[in-house]
$ cat query_32.txt   # compact mmCIF, C-alpha atoms and all ligand atoms
# COMPACT_ATOMS: atom_id res chain seq x y z
CA MET A 1 242.03 280.37 236.56
CA ALA A 2 239.08 279.72 238.87
CA ILE A 3 239.05 276.00 238.13
CA PHE A 4 242.47 275.65 239.81
CA GLU A 5 241.47 277.48 242.98
CA TRP A 6 240.52 276.18 246.39
CA HIS A 7 237.08 277.38 247.56
CA GLY A 8 237.31 277.63 251.31
CA GLU A 9 238.32 274.17 252.35
CA LEU A 10 237.24 272.55 249.09
CA ALA A 11 240.09 271.56 246.81
CA PRO A 12 239.88 272.51 243.12
CA GLY A 13 237.07 270.72 241.30
CA LEU A 14 234.99 269.98 244.44
CA GLN A 15 231.62 271.59 245.12
CA ARG A 16 228.61 271.17 247.39
CA ASP A 17 225.08 270.64 246.14
CA ALA A 18 222.12 272.57 247.55
CA ARG A 19 221.78 270.08 250.44
CA GLY A 20 225.45 270.18 251.35
CA GLY A 21 226.53 266.87 249.81
CA LEU A 22 229.87 266.85 248.01
CA ILE A 23 229.89 266.67 244.22
CA ILE A 24 232.75 266.04 241.82
CA ALA A 25 232.40 267.33 238.26
CA GLY A 26 228.66 267.62 238.81
CA VAL A 27 228.22 264.07 240.13
CA SER A 28 227.17 263.30 243.69
CA THR A 29 229.86 261.47 245.67
CA GLU A 30 227.15 259.34 247.32
CA GLN A 31 226.00 258.23 243.88
CA LEU A 32 229.58 257.48 242.82
CA VAL A 33 230.22 255.27 245.83
CA ARG A 34 226.83 253.57 245.55
CA GLU A 35 227.63 252.63 241.97
CA PHE A 36 231.37 251.93 242.12
CA GLY A 37 232.01 251.03 245.77
CA SER A 38 234.51 252.46 248.21
CA PRO A 39 237.23 253.39 248.70
CA LEU A 40 237.05 255.03 245.29
CA VAL A 41 239.70 257.09 243.55
CA THR A 42 238.03 259.67 241.32
CA ILE A 43 239.70 261.71 238.60
CA ASN A 44 237.98 264.94 237.63
CA MET A 45 238.61 265.02 233.89
CA ALA A 46 237.62 268.69 233.39
CA LEU A 47 240.27 269.69 235.90
CA LEU A 48 242.85 267.31 234.48
CA ARG A 49 242.16 268.60 230.96
CA ALA A 50 242.47 272.22 232.10
CA ARG A 51 245.76 271.49 233.90
CA THR A 52 247.19 269.59 230.96
CA GLU A 53 246.19 272.24 228.44
CA ALA A 54 247.49 275.08 230.62
CA LEU A 55 250.79 273.27 231.08
CA GLN A 56 251.15 272.57 227.38
CA THR A 57 250.35 276.18 226.51
CA SER A 58 253.00 277.54 228.85
CA ALA A 59 255.52 274.87 227.84
CA ASN A 60 254.99 275.63 224.15
CA ALA A 61 255.36 279.36 224.82
CA SER A 62 258.72 278.68 226.47
CA GLY A 63 259.83 276.09 223.91
CA VAL A 64 259.87 273.36 226.57
CA SER A 65 258.86 269.77 225.81
CA VAL A 66 256.80 267.82 228.34
CA SER A 67 256.80 264.15 229.19
CA TYR A 68 254.31 263.01 231.83
CA SER A 69 255.83 261.05 234.70
CA ALA A 70 253.80 257.84 234.84
CA LYS A 71 254.85 257.02 238.39
CA ALA A 72 252.42 259.66 239.68
CA MET A 73 249.47 257.69 238.31
CA ILE A 74 249.09 255.75 235.08
CA THR A 75 246.37 253.75 233.39
CA PRO A 76 246.09 253.04 229.66
CA SER A 77 243.42 255.70 229.23
CA LEU A 78 245.51 258.28 231.08
CA ALA A 79 248.52 257.42 228.92
CA ARG A 80 246.45 258.00 225.78
CA PHE A 81 245.02 261.21 227.23
CA PHE A 82 248.48 262.70 227.85
CA VAL A 83 249.85 261.69 224.47
CA GLU A 84 246.77 263.13 222.74
CA HIS A 85 247.58 266.36 224.58
CA GLY A 86 251.07 266.45 223.09
CA MET A 87 253.10 264.94 225.92
CA GLY A 88 255.51 262.02 225.98
CA ILE A 89 255.35 259.44 228.78
CA ASP A 90 258.15 258.61 231.22
CA VAL A 91 258.08 255.06 232.52
CA CYS A 92 260.33 253.62 235.20
CA SER A 93 259.56 249.91 235.15
CA LEU A 94 258.42 247.13 232.83
CA GLY A 95 255.01 247.45 234.47
CA GLU A 96 254.62 251.12 233.55
CA LEU A 97 255.99 250.35 230.09
CA ALA A 98 253.42 247.58 229.65
CA VAL A 99 250.62 250.01 230.53
CA ALA A 100 251.87 252.50 227.94
CA GLU A 101 252.16 249.72 225.37
CA ARG A 102 248.66 248.49 226.11
CA ALA A 103 247.51 252.06 225.47
CA GLY A 104 249.18 251.87 222.06
CA ILE A 105 251.69 254.63 222.76
CA PRO A 106 254.45 254.59 220.12
CA ALA A 107 257.93 253.83 221.46
CA SER A 108 259.18 257.19 220.18
CA HIS A 109 257.01 258.88 222.84
CA LEU A 110 258.42 256.83 225.72
CA THR A 111 261.45 257.39 227.94
CA LEU A 112 262.66 254.71 230.33
CA HIS A 113 263.95 255.78 233.75
CA GLY A 114 264.95 254.09 236.95
CA SER A 115 267.86 253.49 239.25
CA GLY A 116 268.93 249.85 239.48
CA LYS A 117 267.32 248.77 236.22
CA SER A 118 266.87 245.07 235.54
CA ASP A 119 268.37 243.27 232.53
CA LEU A 120 264.87 243.01 231.09
CA GLU A 121 264.47 246.78 231.34
CA LEU A 122 267.79 247.34 229.57
CA MET A 123 266.65 244.88 226.90
CA ALA A 124 263.39 246.82 226.48
CA ALA A 125 265.50 249.83 225.47
CA VAL A 126 267.73 247.70 223.23
CA ASP A 127 264.65 246.20 221.56
CA GLY A 128 263.40 249.68 220.72
CA ARG A 129 260.36 249.56 223.02
CA VAL A 130 261.23 253.10 224.19
CA GLY A 131 262.62 256.05 222.30
CA ARG A 132 265.40 256.67 224.83
CA ILE A 133 266.71 255.45 228.14
CA VAL A 134 267.91 257.63 231.00
CA VAL A 135 271.04 255.98 232.37
CA ASP A 136 271.62 256.40 236.08
CA ASP A 137 275.00 254.78 236.60
CA VAL A 138 278.29 254.18 234.74
CA LEU A 139 278.03 250.39 235.14
CA GLU A 140 274.53 250.57 233.70
CA LEU A 141 276.01 252.33 230.69
CA VAL A 142 278.48 249.48 230.27
CA ALA A 143 275.77 246.82 230.65
CA LEU A 144 273.55 248.63 228.17
CA HIS A 145 276.38 248.88 225.68
CA ASP A 146 277.06 245.14 226.01
CA CYS A 147 273.38 244.26 225.45
CA ALA A 148 273.07 246.67 222.53
CA SER A 149 276.25 245.56 220.79
CA SER A 150 275.42 241.86 221.10
CA ALA A 151 271.99 242.60 219.62
CA GLY A 152 273.53 244.78 216.90
CA ARG A 153 271.36 247.73 217.92
CA ILE A 154 271.94 251.41 218.63
CA VAL A 155 270.24 252.89 221.70
CA ASP A 156 269.59 256.58 222.43
CA VAL A 157 270.94 257.44 225.88
CA VAL A 158 270.27 260.35 228.22
CA VAL A 159 272.68 260.70 231.15
CA ARG A 160 271.17 261.46 234.55
CA CYS A 161 273.46 263.71 236.55
CA THR A 162 273.60 264.15 240.30
CA LEU A 163 273.17 267.72 241.44
CA SER A 164 275.53 269.08 244.04
CA ASP A 165 272.68 270.97 245.77
CA ALA A 166 269.63 269.29 247.28
CA PRO A 167 266.31 271.14 246.92
CA HIS A 168 264.18 272.27 249.86
CA THR A 169 261.83 269.35 250.24
CA HIS A 170 261.27 266.24 252.36
CA LYS A 171 264.22 263.82 252.50
CA ALA A 172 262.08 260.96 251.16
CA ILE A 173 261.26 262.86 247.97
CA THR A 174 264.69 264.42 247.43
CA THR A 175 266.25 262.78 244.42
CA SER A 176 269.46 264.70 243.98
CA GLY A 177 272.53 265.67 245.93
CA ASP A 178 275.30 263.57 247.40
CA GLU A 179 273.03 262.04 250.05
CA THR A 180 270.96 260.19 247.45
CA LYS A 181 271.51 257.23 245.13
CA PHE A 182 270.33 259.02 241.99
CA GLY A 183 272.34 259.98 238.93
CA ILE A 184 275.99 260.02 237.94
CA SER A 185 278.20 262.18 240.11
CA ALA A 186 280.65 264.83 238.92
CA ARG A 187 283.45 262.43 239.82
CA ASP A 188 282.17 259.71 237.47
CA ARG A 189 280.83 261.81 234.64
CA PRO A 190 284.14 262.06 232.70
CA THR A 191 284.13 258.24 232.51
CA ALA A 192 280.53 258.30 231.26
CA TRP A 193 281.26 260.91 228.56
CA GLN A 194 284.35 259.04 227.40
CA PHE A 195 282.48 255.74 227.32
CA LEU A 196 279.66 257.25 225.28
CA ARG A 197 282.10 258.81 222.87
CA GLU A 198 283.71 255.47 222.20
CA SER A 199 280.59 253.25 222.16
CA SER A 200 279.34 252.38 218.72
CA SER A 201 276.10 251.01 220.21
CA LEU A 202 275.03 253.95 222.37
CA ARG A 203 274.07 257.32 220.93
CA PHE A 204 274.33 260.28 223.28
CA SER A 205 270.95 261.99 223.29
CA GLY A 206 271.16 264.36 226.23
CA VAL A 207 271.49 265.13 229.90
CA HIS A 208 269.00 264.85 232.73
CA ALA A 209 268.59 266.04 236.30
CA HIS A 210 265.65 265.75 238.67
CA ALA A 211 265.93 267.52 242.00
CA GLY A 212 262.99 266.00 243.85
CA SER A 213 259.28 266.41 244.37
CA GLN A 214 257.05 269.02 246.03
CA ILE A 215 259.48 271.86 245.25
CA TYR A 216 257.96 275.29 245.64
CA ASP A 217 260.87 277.63 244.92
CA LEU A 218 262.24 278.91 241.64
CA PRO A 219 265.93 278.85 242.75
CA SER A 220 265.80 275.03 242.97
CA TYR A 221 264.94 275.03 239.26
CA THR A 222 267.59 277.53 238.27
CA SER A 223 270.09 275.24 240.04
CA VAL A 224 268.84 272.35 237.93
CA VAL A 225 269.26 274.41 234.76
CA ASP A 226 272.78 275.43 235.78
CA ALA A 227 273.69 271.80 236.47
CA LEU A 228 272.35 270.74 233.08
CA VAL A 229 274.42 273.41 231.35
CA GLU A 230 277.49 272.27 233.27
CA CYS A 231 276.91 268.71 232.09
CA LEU A 232 276.33 269.81 228.49
CA THR A 233 279.63 271.68 228.67
CA GLU A 234 281.48 268.63 229.98
CA ALA A 235 279.92 266.46 227.28
CA ALA A 236 280.71 268.99 224.54
CA GLU A 237 284.38 268.97 225.61
CA VAL A 238 284.61 265.38 224.38
CA GLY A 239 282.56 266.13 221.29
CA LEU A 240 279.15 264.92 222.47
CA VAL A 241 276.25 267.04 221.25
CA ALA A 242 272.90 266.76 223.02
CA ASP A 243 269.39 266.86 221.57
CA TYR A 244 267.77 267.21 225.00
CA ALA A 245 268.40 268.64 228.43
CA ILE A 246 265.73 267.31 230.77
CA ALA A 247 265.10 269.21 233.97
CA GLY A 248 262.90 266.65 235.76
CA GLY A 249 259.59 267.32 237.44
CA GLY A 250 258.77 268.14 241.03
CA PHE A 251 256.63 271.29 240.71
CA GLY A 252 255.06 271.73 244.14
CA VAL A 253 251.30 271.39 244.61
CA ARG A 254 249.18 273.07 247.26
CA MET A 255 247.86 270.49 249.72
CA HIS A 256 246.25 272.56 252.48
CA PRO A 257 243.36 275.01 252.16
CA PHE A 258 244.66 277.48 254.73
CA ALA A 259 248.34 276.79 255.41
CA GLY A 260 251.53 275.84 253.66
CA PRO A 261 252.83 276.88 250.28
CA ASP A 262 250.70 277.63 247.27
CA SER A 263 251.36 275.60 244.12
CA LEU A 264 254.49 276.61 242.26
CA ASP A 265 253.66 278.95 239.39
CA VAL A 266 254.66 276.63 236.56
CA PRO A 267 254.40 279.08 233.60
CA THR A 268 256.65 281.60 235.36
CA THR A 269 259.07 278.85 236.35
CA LEU A 270 259.25 277.49 232.80
CA ARG A 271 259.83 280.96 231.36
CA ALA A 272 262.64 281.62 233.82
CA MET A 273 264.20 278.21 233.20
CA ALA A 274 264.05 278.53 229.41
CA LEU A 275 265.52 282.02 229.49
CA ARG A 276 268.38 281.05 231.78
CA PHE A 277 269.04 277.88 229.82
CA GLY A 278 269.12 279.59 226.41
CA THR A 279 271.33 282.39 227.68
CA ALA A 280 273.79 280.05 229.41
CA CYS A 281 274.09 277.80 226.34
CA ARG A 282 274.77 280.81 224.11
CA GLU A 283 277.32 282.26 226.53
CA ARG A 284 279.20 278.95 226.54
CA GLY A 285 279.00 278.60 222.78
CA LEU A 286 276.92 275.43 223.05
CA PRO A 287 274.19 274.51 220.60
CA THR A 288 270.93 274.85 222.58
CA PRO A 289 269.21 271.46 222.95
CA ILE A 290 265.48 271.13 223.61
CA LEU A 291 264.73 271.79 227.27
CA GLY A 292 262.41 269.13 228.65
CA ILE A 293 260.43 268.61 231.84
CA GLU A 294 258.76 265.50 233.22
CA PRO A 295 256.11 266.50 235.73
CA GLY A 296 253.74 264.06 237.39
CA ARG A 297 252.20 265.46 240.57
CA SER A 298 251.52 268.99 239.30
CA VAL A 299 249.56 267.54 236.38
CA ILE A 300 247.30 265.07 238.15
CA ALA A 301 247.42 265.51 241.94
CA ASP A 302 244.49 267.84 242.41
CA ALA A 303 242.28 266.14 239.82
CA GLY A 304 242.19 263.19 242.22
CA THR A 305 239.88 262.80 245.21
CA THR A 306 239.50 259.57 247.17
CA LEU A 307 236.14 258.72 248.69
CA TYR A 308 235.92 256.55 251.79
CA ARG A 309 233.01 255.17 253.76
CA ILE A 310 233.30 255.73 257.52
CA GLN A 311 233.44 252.36 259.27
CA ALA A 312 233.58 253.56 262.86
CA VAL A 313 233.60 256.72 264.93
CA LYS A 314 235.32 256.24 268.28
CA GLN A 315 235.53 258.84 270.98
CA GLN A 316 238.59 257.74 272.94
CA GLU A 317 239.61 259.55 276.11
CA ARG A 318 241.49 262.29 274.30
CA HIS A 319 240.58 262.13 270.65
CA ARG A 320 237.76 261.38 268.26
CA PHE A 321 238.93 258.75 265.77
CA ILE A 322 237.14 258.35 262.47
CA ILE A 323 238.05 255.03 260.86
CA VAL A 324 237.52 254.71 257.13
CA ASP A 325 237.43 251.68 254.85
CA GLY A 326 240.86 252.26 253.30
CA GLY A 327 243.96 254.19 254.30
CA LEU A 328 247.58 253.10 254.42
CA CYS A 329 247.14 250.61 251.58
CA ASP A 330 245.68 253.07 249.11
CA ASN A 331 247.49 256.19 250.33
CA PRO A 332 250.77 255.56 252.18
CA ARG A 333 251.97 259.17 251.82
CA PRO A 334 250.92 260.45 255.26
CA ALA A 335 252.61 257.46 256.92
CA LEU A 336 255.69 257.53 254.68
CA TYR A 337 256.58 261.17 254.95
CA ASP A 338 253.94 263.06 256.87
CA ALA A 339 252.25 264.27 253.71
CA TYR A 340 249.13 266.32 254.38
CA HIS A 341 245.92 265.55 252.48
CA HIS A 342 242.94 267.66 253.41
CA VAL A 343 239.79 265.76 254.38
CA VAL A 344 236.21 266.99 254.09
CA ALA A 345 232.85 265.42 254.83
CA ALA A 346 231.25 264.26 251.61
CA THR A 347 227.94 263.46 253.29
CA ALA A 348 225.97 266.57 254.28
CA ARG A 349 226.20 267.03 258.05
CA SER A 350 225.39 270.17 259.98
CA GLY A 351 227.18 269.55 263.29
CA GLU A 352 229.77 271.96 264.65
CA ARG A 353 233.24 271.29 263.37
CA ALA A 354 235.40 269.48 265.89
CA PRO A 355 238.85 267.91 265.79
CA ALA A 356 239.11 264.39 264.46
CA ILE A 357 241.86 261.95 263.63
CA VAL A 358 241.01 260.20 260.40
CA CYS A 359 242.54 256.72 260.31
CA GLY A 360 242.59 253.88 257.89
CA ARG A 361 241.70 250.35 258.89
CA SER A 362 245.17 248.82 258.77
CA CYS A 363 246.84 247.21 261.75
CA GLU A 364 249.12 250.20 262.15
CA ASN A 365 248.54 253.56 263.68
CA ASP A 366 247.70 254.68 260.17
CA GLU A 367 246.58 258.27 260.55
CA LEU A 368 245.47 259.80 257.28
CA ALA A 369 245.01 263.29 258.70
CA ARG A 370 244.19 265.39 261.73
CA VAL A 371 241.41 267.75 260.70
CA GLU A 372 238.23 269.45 261.85
CA LEU A 373 235.09 267.64 260.73
CA PRO A 374 231.38 267.89 261.64
CA SER A 375 230.73 266.52 265.12
CA ASP A 376 227.72 264.50 263.95
CA LEU A 377 229.48 262.28 261.39
CA LEU A 378 228.38 258.66 261.68
CA PRO A 379 229.48 255.28 260.39
CA GLY A 380 228.17 254.96 256.85
CA ASP A 381 228.86 258.61 256.01
CA LEU A 382 231.39 259.48 253.33
CA LEU A 383 234.65 261.36 253.64
CA ALA A 384 236.62 262.81 250.75
CA VAL A 385 240.41 262.98 250.89
CA CYS A 386 241.67 265.73 248.60
CA THR A 387 244.56 265.97 246.13
CA THR A 388 245.06 262.23 245.81
CA GLY A 389 245.72 261.98 242.07
CA ALA A 390 249.47 261.55 242.46
CA TYR A 391 251.47 258.92 244.36
CA THR A 392 248.51 257.41 246.20
CA TYR A 393 247.04 254.67 244.00
CA SER A 394 250.41 254.27 242.29
CA MET A 395 251.96 253.53 245.70
CA ALA A 396 249.10 251.33 246.88
CA SER A 397 249.74 247.92 248.39
CA ASN A 398 247.77 244.88 249.53
CA TYR A 399 248.79 245.20 253.17
CA ASN A 400 246.36 243.26 255.38
CA ARG A 401 245.23 241.73 252.08
CA PHE A 402 242.97 244.61 251.29
CA GLY A 403 242.23 244.94 247.60
CA ARG A 404 243.20 248.13 245.83
CA PRO A 405 240.33 250.52 245.04
CA ALA A 406 238.86 251.28 241.64
CA ILE A 407 239.82 254.43 239.75
CA VAL A 408 237.02 256.21 237.89
CA SER A 409 237.16 259.23 235.63
CA VAL A 410 234.31 261.69 236.10
CA ASP A 411 233.60 263.71 232.98
CA ASP A 412 230.79 265.68 231.35
CA ASP A 413 229.67 262.62 229.45
CA GLY A 414 229.65 260.25 232.41
CA VAL A 415 231.72 258.16 234.76
CA THR A 416 234.12 255.53 233.40
CA VAL A 417 236.05 252.86 235.26
CA MET A 418 239.73 253.35 234.39
CA THR A 419 241.00 250.61 236.70
CA ARG A 420 238.66 248.12 238.30
CA ARG A 421 238.60 247.30 242.00
CA GLU A 422 240.75 244.35 243.07
CA THR A 423 238.68 241.36 244.11
CA LEU A 424 239.44 238.62 246.60
CA ASP A 425 240.17 236.36 243.61
CA ASP A 426 242.77 238.86 242.42
CA LEU A 427 244.36 238.77 245.86
CA LEU A 428 244.49 234.99 245.94
CA ARG A 429 245.66 234.37 242.41
CA LEU A 430 249.38 234.31 243.23
CA ASP A 431 249.13 231.89 246.15
CA ARG A 432 249.86 228.18 245.67
C1 LIG A 501 263.17 261.14 237.46
C2 LIG A 501 261.85 261.71 237.85
N1 LIG A 501 261.26 262.56 237.00
C3 LIG A 501 260.07 263.13 237.30
C4 LIG A 501 259.43 262.84 238.48
C5 LIG A 501 258.09 263.47 238.74
O1 LIG A 501 258.07 264.28 239.86
P1 LIG A 501 256.74 265.05 240.24
O2 LIG A 501 255.65 264.04 240.23
O3 LIG A 501 256.98 265.60 241.58
O4 LIG A 501 256.52 266.09 239.20
C6 LIG A 501 260.02 261.97 239.40
C7 LIG A 501 259.38 261.69 240.69
O5 LIG A 501 259.91 261.13 241.59
C8 LIG A 501 261.27 261.38 239.07
O6 LIG A 501 261.88 260.53 239.89

$ encode --input "query_32.txt" --output "structure tokens"
Amino acid sequence: MAIFEWHGELAPGLQRDARGGLIIAGVSTEQLVREFGSPLVTINMALLRARTEALQTSANASGVSVSYSAKAMITPSLARFFVEHGMGIDVCSLGELAVAERAGIPASHLTLHGSGKSDLELMAAVDGRVGRIVVDDVLELVALHDCASSAGRIVDVVVRCTLSDAPHTHKAITTSGDETKFGISARDRPTAWQFLRESSSLRFSGVHAHAGSQIYDLPSYTSVVDALVECLTEAAEVGLVADYAIAGGGFGVRMHPFAGPDSLDVPTTLRAMALRFGTACRERGLPTPILGIEPGRSVIADAGTTLYRIQAVKQQERHRFIIVDGGLCDNPRPALYDAYHHVVAATARSGERAPAIVCGRSCENDELARVELPSDLLPGDLLAVCTTGAYTYSMASNYNRFGRPAIVSVDDDGVTVMTRRETLDDLLRLDR
């Protein structure tokens, strides 16, 4: 669909007006920043709606259930939006759970994840604040059982399994395989199955595997499906019957207009996964549980664009540096794992394109990107950093005591603040 396509160097959902200024969902970026300040995280709701609906259509066609992974980006209004579109919500901390609760999401729609969960998080599951908990460790299973049995409650448990193969993606966003901390390994799974069989406080609800993020190849997903079937088989051998087999998220998103992989074709991937899963379950004589996915990035990444005001343009001996009024604190991805986010001028400028290093204003060498930008950009002009809906704001920090930006949704009927900008008072409120 055209709405999902890049146009030249403009990411999906971005356009230029007649004078060359950048617009998002029909609204001028200059106007957005004038009204809401900068840096500013914008969410293009038409694009997000189209993505969500397309995903739900293909998931329904393949009989796959979808739970949105809140860690990519969550606000109460986003949580409501996803649930209204038929998704559940995956949370991985009390903070994410609190956001979902503030949005009024029923517990039955929530799944609690996380490795190294706190006692309070285990208690949230015991208290029925989530529909199910994904257990990442055998000792966690034991601790959960103890909490549940002293409270006289029964908790639905999904077992996260380690995959033996790692996917083809960056080490920092690989979440499976023997080199990572995630999930219960093949060595320990028999203990987990036996424990679940004997626990009167834990109800086995299913199996889970998540390979990693920014995965662009179908074979990584068929490996996940095969691993899930293996785990279902092991569980069935001790009499445990699953309702769900959850294959994680990780569907790769295109980040560069001219290079690098295109976004993974999610409908084709889901069809292939569902077919392989159904066939394998039948061949092994297993009842076929519901196949689930929990995407984050592929749902929201390209609906997000971050606008920055240029603070300084410095021609050093070898490079032109463009310093913007945000950076590492609102988007640590380039610094953390060399993630590429394309950058375009949002202010209309007609100069020849020339190389530039776009930096944030932190006291680090915090490059956001190396790109070609008009040679006549000046302090005060705006830049737009593309594809920032996922894992930018949600990973933001207060390094250098910068406040986190506002998030606004831009829709046909106007612009709405989803999360307000952090003020100096916010930054000082914890100090004594
Ligand atoms: C367990 C789990 N599920 C789902 C996701 C979502 O991945 P993505 O945003 O790449 O779709 C993550 C991301 O790290 C995860 O850890």

$ axis_aligned_box --input "query_32.txt" --around "ligand LIG 501 (chain A)" --padding-each-side "3 Å" --output "JSON"
{"center_x": 259.4, "center_y": 263.3, "center_z": 239.3, "size_x": 13.5, "size_y": 11.6, "size_z": 10.6}

$ closest_residue --input "query_32.txt" --among "A:Tyr308, A:Tyr340, A:Phe402, A:Phe258" --to "Ala384 (chain A)" --atoms "all atoms listed in the file"
A:Tyr308

$ atom_distance --input "query_32.txt" --atom1 "CA of Cys359 (chain A)" --atom2 "CA of Asp431 (chain A)"
29.3 Å

$ closest_atom_pairs --input "query_32.txt" --of "chain A" --to "ligand LIG 501 (chain A)" --cutoff "8 Å" --atoms "all atoms listed in the file" --output "tab-separated table"
residue	atom	partner	partner_atom	distance
A:Tyr68	CA	A:LIG501	C5	7.9
A:Ser69	CA	A:LIG501	C5	5.2
A:Lys71	CA	A:LIG501	C7	6.9
A:Ala72	CA	A:LIG501	O2	5.5
A:Asp90	CA	A:LIG501	N1	7.7
A:His113	CA	A:LIG501	C1	6.6
A:Gly114	CA	A:LIG501	C1	7.3
A:Ile173	CA	A:LIG501	O5	6.7
A:Thr175	CA	A:LIG501	O6	6.7
A:Ala209	CA	A:LIG501	C1	7.4
A:His210	CA	A:LIG501	C1	5.4
A:Gly212	CA	A:LIG501	O5	6.2
A:Ser213	CA	A:LIG501	O3	3.7
A:Gln214	CA	A:LIG501	O3	5.6
A:Ile215	CA	A:LIG501	O3	7.7
A:Gly248	CA	A:LIG501	N1	4.6
A:Gly249	CA	A:LIG501	O4	3.7
A:Gly250	CA	A:LIG501	O3	3.2
A:Phe251	CA	A:LIG501	O4	5.4
A:Gly252	CA	A:LIG501	O3	6.9
A:Ile293	CA	A:LIG501	C3	7.7
A:Glu294	CA	A:LIG501	C3	4.9
A:Pro295	CA	A:LIG501	O4	3.5
A:Gly296	CA	A:LIG501	O2	3.4
A:Arg297	CA	A:LIG501	O2	3.7
A:Ser298	CA	A:LIG501	O4	5.8
A:Val299	CA	A:LIG501	O4	7.6
A:Ala390	CA	A:LIG501	O2	7.0
A:Tyr391	CA	A:LIG501	O2	7.8

$ residues_around --input "query_32.txt" --residues "Ala345 (chain A)" --least-positions-apart "2" --cutoff "9 Å" --atoms "all atoms listed in the file" --output "PyMOL selection string"
chain A and resi 21-22+343+347-349+373-374+377+381-385

$ atom_distance --input "query_32.txt" --atom1 "CA of Gly183 (chain A)" --atom2 "CA of Val207 (chain A)"
10.4 Å

$ closest_atom_pairs --input "query_32.txt" --of "region 177-196 of chain A" --to "region 218-232 of chain A" --cutoff "10 Å" --atoms "only C-alpha atoms" --output "tab-separated table"
residue	atom	partner	partner_atom	distance
A:Ala186	CA	A:Cys231	CA	8.7
A:Arg189	CA	A:Cys231	CA	8.3
A:Pro190	CA	A:Cys231	CA	9.8
A:Trp193	CA	A:Cys231	CA	9.6

$ write_last_selection --input "query_32.txt" --atoms "C-alpha atoms" --output "PDB file, in the frame of the given file"
ATOM      1  CA  ALA A 186     280.650 264.830 238.920  1.00  0.00           C
ATOM      2  CA  ARG A 189     280.830 261.810 234.640  1.00  0.00           C
ATOM      3  CA  PRO A 190     284.140 262.060 232.700  1.00  0.00           C
ATOM      4  CA  TRP A 193     281.260 260.910 228.560  1.00  0.00           C
TER       5      TRP A 193
END

$ closest_atom_pairs --input "query_32.txt" --of "region 23-86 of chain A" --to "region 267-289 of chain A" --cutoff "7 Å" --atoms "all atoms listed in the file" --output "Markdown table"
| residue | atom | partner | partner_atom | distance |
| --- | --- | --- | --- | --- |
| A:Ser58 | CA | A:Pro267 | CA | 5.2 |
| A:Ala59 | CA | A:Leu270 | CA | 6.7 |
| A:Ser62 | CA | A:Arg271 | CA | 5.5 |

$ atom_distance --input "query_32.txt" --atom1 "CA of Asn331 (chain A)" --atom2 "CA of Gly380 (chain A)"
20.4 Å

$ closest_residue --input "query_32.txt" --among "A:Ala339, A:Leu430, A:Ile322, A:Ala235" --to "Arg254 (chain A)" --atoms "only C-alpha atoms"
A:Ala339

$ residues_around --input "query_32.txt" --residues "Glu367 (chain A)" --least-positions-apart "4" --cutoff "7 Å" --atoms "all atoms listed in the file" --output "list in words"
Ile357, Val358, Cys359 and Gly360 of chain A

$ closest_residue --input "query_32.txt" --among "A:Ile3, A:Val33, A:Leu120, A:Leu139" --to "Leu94 (chain A)" --atoms "all atoms listed in the file"
A:Leu120
